[in-house]
Amino acid sequence: MKKVFLALSLVAVTFSYAQDLVITPENSWFKAGVNVGMPLGDTADFTSLTVGADFRGQHLVTPSFGIGVASGYNHFFGKDDFQDFGLIPLAGFVRYYFQPKGLFLGTDLGYGFLTNTDNNSGGLYINPQIGYHNVKWNIYGFYQHTFAQNDIDLQVVGLGVTYNIMF
């Protein structure tokens, strides 16, 4: 329960800062993209691949520091006798851009809701990223970890790409 409270607190803080910010096409972006990942650890025992959609709303607080909200859907393909299932993250995120074009670091923190599973609704979700960005595109590597109920840890490493839509 403490993990859920922590994740929801982060999202609430992100929204409270966002209320004081002026949104312009130069500092606020909607990001839409796709990702693909390989399961790690115990997750690799019952899934073979993940494919997902990534949706983000970002505001640059400074030219180098962005905050926002992230969601999407990740589909886990079951292997052997295990069925497919999904993960819907709801997270706040931060990103640090070293230059207007080039390397960035960031992480998402929130809650991952599981779909098509029995006796497990999800848990704490963290998704650190490192990547390359320019005005229109972000290409990144990620490590995704969801600390789900009943001592289930979902771990994935992968690659993603998002397109920036200025608004």
# chains A, B, ... in the order shown; residues from 1 in each chain; ligands from 1
>>> residues_around(residues="range 133-137 of chain A", least_positions_apart="5", cutoff="6 Å", atoms="only C-alpha atoms", output="number ranges by chain")
A: 101-102, 162-164
>>> write_last_selection(atoms="all heavy atoms", output="PDB file, in the first residue's frame")
ATOM      1  N   LYS A 101      19.492  19.059 -28.575  1.00  0.00           N
ATOM      2  CA  LYS A 101      19.438  17.863 -29.420  1.00  0.00           C
ATOM      3  C   LYS A 101      20.535  16.931 -28.929  1.00  0.00           C
ATOM      4  O   LYS A 101      21.680  17.341 -28.795  1.00  0.00           O
ATOM      5  CB  LYS A 101      19.692  18.238 -30.874  1.00  0.00           C
ATOM      6  CG  LYS A 101      19.529  17.085 -31.836  1.00  0.00           C
ATOM      7  CD  LYS A 101      19.944  17.423 -33.249  1.00  0.00           C
ATOM      8  CE  LYS A 101      19.178  18.588 -33.813  1.00  0.00           C
ATOM      9  NZ  LYS A 101      19.512  18.856 -35.216  1.00  0.00           N
ATOM     10  N   GLY A 102      20.191  15.681 -28.619  1.00  0.00           N
ATOM     11  CA  GLY A 102      21.201  14.740 -28.153  1.00  0.00           C
ATOM     12  C   GLY A 102      20.700  13.848 -27.029  1.00  0.00           C
ATOM     13  O   GLY A 102      19.545  13.434 -27.017  1.00  0.00           O
ATOM     14  N   THR A 162       9.306   7.659 -29.895  1.00  0.00           N
ATOM     15  CA  THR A 162       8.123   8.503 -29.829  1.00  0.00           C
ATOM     16  C   THR A 162       8.272   9.690 -30.762  1.00  0.00           C
ATOM     17  O   THR A 162       9.385  10.140 -31.038  1.00  0.00           O
ATOM     18  CB  THR A 162       7.846   9.027 -28.398  1.00  0.00           C
ATOM     19  OG1 THR A 162       8.969   9.735 -27.922  1.00  0.00           O
ATOM     20  CG2 THR A 162       7.494   7.911 -27.455  1.00  0.00           C
ATOM     21  N   TYR A 163       7.148  10.165 -31.252  1.00  0.00           N
ATOM     22  CA  TYR A 163       7.085  11.347 -32.097  1.00  0.00           C
ATOM     23  C   TYR A 163       6.489  12.487 -31.283  1.00  0.00           C
ATOM     24  O   TYR A 163       5.482  12.307 -30.591  1.00  0.00           O
ATOM     25  CB  TYR A 163       6.217  11.063 -33.333  1.00  0.00           C
ATOM     26  CG  TYR A 163       6.120  12.220 -34.268  1.00  0.00           C
ATOM     27  CD1 TYR A 163       7.183  12.556 -35.090  1.00  0.00           C
ATOM     28  CD2 TYR A 163       4.968  12.992 -34.346  1.00  0.00           C
ATOM     29  CE1 TYR A 163       7.112  13.642 -35.962  1.00  0.00           C
ATOM     30  CE2 TYR A 163       4.875  14.061 -35.212  1.00  0.00           C
ATOM     31  CZ  TYR A 163       5.953  14.375 -36.013  1.00  0.00           C
ATOM     32  OH  TYR A 163       5.868  15.454 -36.864  1.00  0.00           O
ATOM     33  N   ASN A 164       7.097  13.664 -31.329  1.00  0.00           N
ATOM     34  CA  ASN A 164       6.647  14.824 -30.563  1.00  0.00           C
ATOM     35  C   ASN A 164       5.662  15.659 -31.373  1.00  0.00           C
ATOM     36  O   ASN A 164       5.967  16.060 -32.482  1.00  0.00           O
ATOM     37  CB  ASN A 164       7.835  15.720 -30.187  1.00  0.00           C
ATOM     38  CG  ASN A 164       8.837  15.022 -29.309  1.00  0.00           C
ATOM     39  OD1 ASN A 164       8.477  14.154 -28.509  1.00  0.00           O
ATOM     40  ND2 ASN A 164      10.085  15.388 -29.435  1.00  0.00           N
TER      41      ASN A 164
END
>>> residues_around(residues="Phe77 in chain A", least_positions_apart="4", cutoff="10 Å", atoms="only C-alpha atoms", output="PyMOL selection string")
chain A and resi 39+46-51+82-86
>>> residues_around(residues="Ser28 in chain A", least_positions_apart="4", cutoff="7 Å", atoms="only C-alpha atoms", output="list in words")
Ile23, Thr24, Gln58, His59, Leu60, Met166 and Phe167 of chain A
>>> closest_residue(among="A:Asp81, A:Asp151, A:Asp108, A:Glu26", to="Val94 in chain A", atoms="only C-alpha atoms")
A:Asp108
>>> closest_residue(among="A:Tyr132, A:Tyr125, A:Phe147, A:Tyr73", to="Phe93 in chain A", atoms="only C-alpha atoms")
A:Tyr125
>>> atom_distance(atom1="CA of Val157 in chain A", atom2="CA of Phe76 in chain A")
12.7 Å
>>> select_by_dssp(residues="chain A", states="strand (DSSP E)", output="count of residues only")
109
>>> residues_around(residues="range 33-36 of chain A", least_positions_apart="5", cutoff="6 Å", atoms="only C-alpha atoms", output="list in words")
Thr50, Val51, Gly52, Ala53, Asp54, Gly158, Leu159, Gly160, Val161 and Thr162 of chain A
>>> write_last_selection(atoms="all heavy atoms", output="PDB file, in the first residue's frame")
ATOM      1  N   THR A  50       7.315  -8.414 -25.482  1.00  0.00           N
ATOM      2  CA  THR A  50       6.317  -7.375 -25.214  1.00  0.00           C
ATOM      3  C   THR A  50       6.340  -6.368 -26.356  1.00  0.00           C
ATOM      4  O   THR A  50       7.396  -6.076 -26.911  1.00  0.00           O
ATOM      5  CB  THR A  50       6.574  -6.628 -23.887  1.00  0.00           C
ATOM      6  OG1 THR A  50       7.782  -5.894 -23.988  1.00  0.00           O
ATOM      7  CG2 THR A  50       6.634  -7.578 -22.728  1.00  0.00           C
ATOM      8  N   VAL A  51       5.176  -5.875 -26.682  1.00  0.00           N
ATOM      9  CA  VAL A  51       5.021  -4.812 -27.675  1.00  0.00           C
ATOM     10  C   VAL A  51       4.055  -3.808 -27.069  1.00  0.00           C
ATOM     11  O   VAL A  51       3.055  -4.194 -26.458  1.00  0.00           O
ATOM     12  CB  VAL A  51       4.462  -5.360 -29.005  1.00  0.00           C
ATOM     13  CG1 VAL A  51       4.192  -4.239 -29.987  1.00  0.00           C
ATOM     14  CG2 VAL A  51       5.416  -6.378 -29.601  1.00  0.00           C
ATOM     15  N   GLY A  52       4.362  -2.522 -27.221  1.00  0.00           N
ATOM     16  CA  GLY A  52       3.517  -1.552 -26.559  1.00  0.00           C
ATOM     17  C   GLY A  52       3.341  -0.248 -27.300  1.00  0.00           C
ATOM     18  O   GLY A  52       4.046   0.054 -28.265  1.00  0.00           O
ATOM     19  N   ALA A  53       2.393   0.528 -26.798  1.00  0.00           N
ATOM     20  CA  ALA A  53       2.140   1.893 -27.255  1.00  0.00           C
ATOM     21  C   ALA A  53       2.441   2.821 -26.084  1.00  0.00           C
ATOM     22  O   ALA A  53       2.178   2.484 -24.929  1.00  0.00           O
ATOM     23  CB  ALA A  53       0.689   2.054 -27.682  1.00  0.00           C
ATOM     24  N   ASP A  54       3.011   3.976 -26.393  1.00  0.00           N
ATOM     25  CA  ASP A  54       3.481   4.919 -25.375  1.00  0.00           C
ATOM     26  C   ASP A  54       2.862   6.285 -25.649  1.00  0.00           C
ATOM     27  O   ASP A  54       2.958   6.798 -26.759  1.00  0.00           O
ATOM     28  CB  ASP A  54       5.009   4.983 -25.463  1.00  0.00           C
ATOM     29  CG  ASP A  54       5.659   5.755 -24.346  1.00  0.00           C
ATOM     30  OD1 ASP A  54       4.988   6.056 -23.343  1.00  0.00           O
ATOM     31  OD2 ASP A  54       6.854   6.062 -24.472  1.00  0.00           O
ATOM     32  N   GLY A 158      14.129  -2.968 -23.274  1.00  0.00           N
ATOM     33  CA  GLY A 158      13.713  -2.804 -24.658  1.00  0.00           C
ATOM     34  C   GLY A 158      14.093  -1.476 -25.269  1.00  0.00           C
ATOM     35  O   GLY A 158      14.857  -0.690 -24.697  1.00  0.00           O
ATOM     36  N   LEU A 159      13.511  -1.252 -26.447  1.00  0.00           N
ATOM     37  CA  LEU A 159      13.736  -0.038 -27.233  1.00  0.00           C
ATOM     38  C   LEU A 159      12.393   0.587 -27.576  1.00  0.00           C
ATOM     39  O   LEU A 159      11.405  -0.119 -27.791  1.00  0.00           O
ATOM     40  CB  LEU A 159      14.475  -0.358 -28.529  1.00  0.00           C
ATOM     41  CG  LEU A 159      15.881  -0.926 -28.392  1.00  0.00           C
ATOM     42  CD1 LEU A 159      16.396  -1.385 -29.739  1.00  0.00           C
ATOM     43  CD2 LEU A 159      16.809   0.118 -27.788  1.00  0.00           C
ATOM     44  N   GLY A 160      12.385   1.926 -27.646  1.00  0.00           N
ATOM     45  CA  GLY A 160      11.166   2.626 -27.997  1.00  0.00           C
ATOM     46  C   GLY A 160      11.455   3.848 -28.832  1.00  0.00           C
ATOM     47  O   GLY A 160      12.580   4.338 -28.899  1.00  0.00           O
ATOM     48  N   VAL A 161      10.420   4.342 -29.470  1.00  0.00           N
ATOM     49  CA  VAL A 161      10.510   5.571 -30.264  1.00  0.00           C
ATOM     50  C   VAL A 161       9.210   6.336 -30.081  1.00  0.00           C
ATOM     51  O   VAL A 161       8.132   5.736 -30.050  1.00  0.00           O
ATOM     52  CB  VAL A 161      10.805   5.270 -31.756  1.00  0.00           C
ATOM     53  CG1 VAL A 161       9.696   4.456 -32.393  1.00  0.00           C
ATOM     54  CG2 VAL A 161      11.048   6.537 -32.517  1.00  0.00           C
ATOM     55  N   THR A 162       9.306   7.659 -29.895  1.00  0.00           N
ATOM     56  CA  THR A 162       8.123   8.503 -29.829  1.00  0.00           C
ATOM     57  C   THR A 162       8.272   9.690 -30.762  1.00  0.00           C
ATOM     58  O   THR A 162       9.385  10.140 -31.038  1.00  0.00           O
ATOM     59  CB  THR A 162       7.846   9.027 -28.398  1.00  0.00           C
ATOM     60  OG1 THR A 162       8.969   9.735 -27.922  1.00  0.00           O
ATOM     61  CG2 THR A 162       7.494   7.911 -27.455  1.00  0.00           C
TER      62      THR A 162
END
>>> atom_distance(atom1="CA of Pro63 in chain A", atom2="CA of Pro100 in chain A")
7.4 Å
>>> residues_around(residues="Gln155 in chain A", least_positions_apart="4", cutoff="6 Å", atoms="only C-alpha atoms", output="compact mmCIF listing (two decimals) with N, CA and C atoms, in the first residue's frame")
# COMPACT_ATOMS: atom_id res chain seq x y z
N PRO A 39 11.47 -9.85 -22.12
CA PRO A 39 11.31 -10.10 -20.70
C PRO A 39 12.61 -10.59 -20.06
N LEU A 40 12.80 -10.22 -18.78
CA LEU A 40 13.96 -10.62 -18.01
C LEU A 40 13.53 -11.41 -16.79
N GLN A 144 12.00 -1.65 -17.72
CA GLN A 144 10.69 -1.48 -17.11
C GLN A 144 10.53 -2.53 -16.01
N HIS A 145 10.12 -2.09 -14.83
CA HIS A 145 9.93 -3.02 -13.71
C HIS A 145 8.62 -2.68 -13.02
>>> closest_residue(among="A:Leu124, A:Val69, A:Leu103, A:Met38", to="Phe142 in chain A", atoms="only C-alpha atoms")
A:Met38
